[in-house]
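Undergrad: Structure supplied as input31.pdb; contents: PDB, C-alpha atoms.
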```pdb
ATOM      1  CA  MET E   1      24.893  11.291   4.338
ATOM      2  CA  LYS E   2      23.501  10.163   7.694
ATOM      3  CA  CYS E   3      21.101   7.231   8.048
ATOM      4  CA  ALA E   4      17.530   8.369   8.741
ATOM      5  CA  ALA E   5      16.923   5.267  10.888
ATOM      6  CA  CYS E   6      19.979   5.205  13.186
ATOM      7  CA  HIS E   7      21.955   8.356  12.281
ATOM      8  CA  HIS E   8      25.176   6.521  11.397
ATOM      9  CA  GLU E   9      27.118   7.248   8.202
ATOM     10  CA  MET E  10      25.925   5.792   4.892
ATOM     11  CA  VAL E  11      28.365   4.404   2.303
ATOM     12  CA  ALA E  12      27.983   4.370  -1.478
ATOM     13  CA  LYS E  13      27.498   0.926  -3.023
ATOM     14  CA  THR E  14      26.499  -0.703  -6.284
ATOM     15  CA  GLY E  15      24.652  -4.010  -6.311
ATOM     16  CA  GLU E  16      21.233  -5.680  -6.152
ATOM     17  CA  LEU E  17      18.122  -4.406  -4.425
ATOM     18  CA  ASP E  18      14.575  -5.675  -4.224
ATOM     19  CA  LEU E  19      11.715  -3.223  -4.593
ATOM     20  CA  ARG E  20       8.086  -3.964  -3.811
ATOM     21  CA  ILE E  21       5.818  -1.711  -5.828
ATOM     22  CA  GLY E  22       2.101  -2.168  -6.337
ATOM     23  CA  GLY E  23       2.168  -5.677  -4.889
ATOM     24  CA  ARG E  24       4.945  -6.791  -7.251
ATOM     25  CA  LEU E  25       8.543  -7.682  -6.443
ATOM     26  CA  PHE E  26      11.214  -6.185  -8.685
ATOM     27  CA  LEU E  27      14.843  -7.298  -8.493
ATOM     28  CA  VAL E  28      17.082  -4.395  -9.501
ATOM     29  CA  ARG E  29      20.584  -5.367 -10.545
ATOM     30  CA  ASN E  30      23.651  -3.146 -10.856
ATOM     31  CA  VAL E  31      22.068  -0.144  -9.138
ATOM     32  CA  SER E  32      23.793   2.620  -7.149
ATOM     33  CA  TYR E  33      22.553   3.199  -3.602
ATOM     34  CA  GLU E  34      23.743   4.173  -0.149
ATOM     35  CA  GLU E  35      23.729   1.695   2.723
ATOM     36  CA  CYS E  36      24.111   2.104   6.459
ATOM     37  CA  LEU E  37      26.672  -0.411   7.668
ATOM     38  CA  SER E  38      25.221  -0.159  11.163
ATOM     39  CA  CYS E  39      21.527  -0.995  10.586
ATOM     40  CA  GLY E  40      21.399  -2.042   6.904
ATOM     41  CA  GLU E  41      19.066   0.746   5.714
ATOM     42  CA  LYS E  42      19.392   1.243   1.937
ATOM     43  CA  VAL E  43      18.551   4.484   0.135
ATOM     44  CA  LEU E  44      18.293   5.331  -3.563
ATOM     45  CA  SER E  45      19.027   8.833  -4.781
ATOM     46  CA  PRO E  46      16.038  10.784  -6.138
ATOM     47  CA  ALA E  47      17.450  10.523  -9.693
ATOM     48  CA  VAL E  48      17.918   6.739  -9.492
ATOM     49  CA  SER E  49      14.448   6.313  -7.924
ATOM     50  CA  ARG E  50      12.843   8.371 -10.681
ATOM     51  CA  ASP E  51      14.680   6.377 -13.370
ATOM     52  CA  LEU E  52      13.572   3.037 -11.891
ATOM     53  CA  TYR E  53       9.925   4.102 -11.469
ATOM     54  CA  ASN E  54       9.886   5.399 -15.061
ATOM     55  CA  LYS E  55      11.242   2.057 -16.315
ATOM     56  CA  ILE E  56       8.549   0.207 -14.368
ATOM     57  CA  GLU E  57       5.789   2.465 -15.738
ATOM     58  CA  ARG E  58       7.043   1.922 -19.322
ATOM     59  CA  GLY E  59       7.407  -1.829 -18.805
ATOM     60  CA  ASP E  60      11.104  -1.481 -19.568
ATOM     61  CA  TYR E  61      12.253  -4.598 -17.713
ATOM     62  CA  ALA E  62      12.864  -8.277 -18.392
ATOM     63  CA  GLU E  63      10.558 -10.913 -16.922
ATOM     64  CA  GLN E  64      12.656 -13.688 -15.400
ATOM     65  CA  THR E  65      11.951 -16.587 -13.095
ATOM     66  CA  VAL E  66      14.123 -16.517 -10.002
ATOM     67  CA  ASN E  67      14.039 -19.243  -7.363
ATOM     68  CA  ILE E  68      14.159 -17.826  -3.866
ATOM     69  CA  PRO E  69      14.071 -19.541  -0.489
ATOM     70  CA  VAL E  70      10.705 -19.091   1.259
ATOM     71  CA  LEU E  71      10.422 -19.112   5.040
ATOM     72  CA  TYR E  72       7.313 -19.214   7.186
ATOM     73  CA  GLY E  73       7.420 -16.993  10.258
ATOM     74  CA  ALA E  74       7.665 -18.581  13.659
ATOM     75  CA  HIS E  75       5.231 -17.536  16.348
ATOM     76  CA  GLU E  76       4.152 -18.663  19.739
ATOM     77  CA  ALA E  77       0.589 -19.898  19.828
ATOM     78  CA  GLU E  78      -1.376 -22.444  21.740
ATOM     79  CA  GLY E  79      -1.454 -25.792  20.025
ATOM     80  CA  HIS E  80       1.697 -24.947  18.017
ATOM     81  CA  GLU E  81      -0.059 -25.440  14.696
ATOM     82  CA  SER E  82       2.232 -25.586  11.680
ATOM     83  CA  THR E  83       1.907 -23.507   8.552
ATOM     84  CA  PRO E  84       1.066 -25.473   5.366
ATOM     85  CA  GLY E  85       4.268 -26.455   3.615
ATOM     86  CA  SER E  86       6.404 -25.926   6.715
ATOM     87  CA  PRO E  87       8.274 -28.719   8.475
ATOM     88  CA  GLN E  88       6.348 -30.344  11.332
TER      89      GLN E  88
END
```
What is this structure when it is put down as structure tokens?
TA:
Amino acid sequence: MKCAACHHEMVAKTGELDLRIGGRLFLVRNVSYEECLSCGEKVLSPAVSRDLYNKIERGDYAEQTVNIPVLYGAHEAEGHESTPGSPQ
């Protein structure tokens, strides 16, 4: 399969993906997908996508607390104001 973004070859992988659906973040573990080693694009098969969306609709998932690093984006602006919670 060719990557839709950069047209390089995709390779089959199994691992973790994050999905943002309806304003919620879902961490999907041990899932099959294809990844472009050139640009990093990741694609689920239609069958895997359907299975995951069905599980989300049924509430068939575990709620867990996961600590993740949070970064605030850098930007150039006059006055160089800092974002709350970011280093000065």
Undergrad: Residue by residue, what does the PyMOL selection byres ((chain E and resi 64) around 12) grab here? Present the result as a list in words.
TA: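 For this structure, the PyMOL selection byres ((chain E and resi 64) around 12) resolves to Leu25, Phe26, Leu27, Val28, Tyr61, Ala62, Glu63, Thr65, Val66 and Asn67 of chain E.
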Undergrad: List the spatial neighbours of Lys13 (chain E) as a VMD selection string - criterion: any atom at most 9 Å away, all atoms listed in the file, same-chain residues fewer than 2 positions off excluded.
TA: chain E and resid 11 15 31 to 35
Undergrad: Just want the 12 Å neighbourhood of Tyr53 (chain E), counted on only C-alpha atoms, with same-chain residues fewer than 4 positions away dropped. Output as a count of residues only.
TA: 16
Undergrad: Looking at E:Lys55, E:Lys2, E:Arg24, E:Arg29, which one is nearest to Val43 (chain E), with distances taken over only C-alpha atoms?
TA: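 The closest residue to Val43 (chain E) is E:Lys2.
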Undergrad: Which residues are near Ala4 (chain E)? Cut-off 10 Å, all atoms listed in the file, ignore same chain within fewer than 4 positions. Put them as a list in words.
TA: His8, Glu9, Met10, Cys36, Glu41 and Val43 of chain E
Undergrad: Take the residues that were just selected and, keeping C-alpha atoms, output them as a compact mmCIF listing (two decimals), in the frame of the given file.
TA:
```txt
# COMPACT_ATOMS: atom_id res chain seq x y z
CA HIS E 8 25.18 6.52 11.40
CA GLU E 9 27.12 7.25 8.20
CA MET E 10 25.92 5.79 4.89
CA CYS E 36 24.11 2.10 6.46
CA GLU E 41 19.07 0.75 5.71
CA VAL E 43 18.55 4.48 0.14
```
Undergrad: Distance CA of Cys39 (chain E)-CA of Ile68 (chain E), one decimal place?
TA: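 Straight-line distance from CA of Cys39 (chain E) to CA of Ile68 (chain E) works out to 23.4 Å.
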Undergrad: Between E:Leu37, E:Val70, E:Ile56, E:Ala77, which residue has the minimum interatomic distance to Cys3 (chain E), considering only C-alpha atoms?
TA: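 Closest to Cys3 (chain E), using only C-alpha atoms: E:Leu37.
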Undergrad: Just the number, please: distance in Å from CA of Met1 (chain E) to CA of Arg50 (chain E), one decimal.
TA: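 So the two atoms, CA of Met1 (chain E) and CA of Arg50 (chain E), lie 19.5 Å apart.
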Undergrad: Restricting the calculation to only C-alpha atoms, which member of E:Glu76, E:Asn30, E:Glu16, E:Gly23 is positioned closest to Lys42 (chain E)?
TA: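 Counting only C-alpha atoms, the residue closest to Lys42 (chain E) is E:Glu16.
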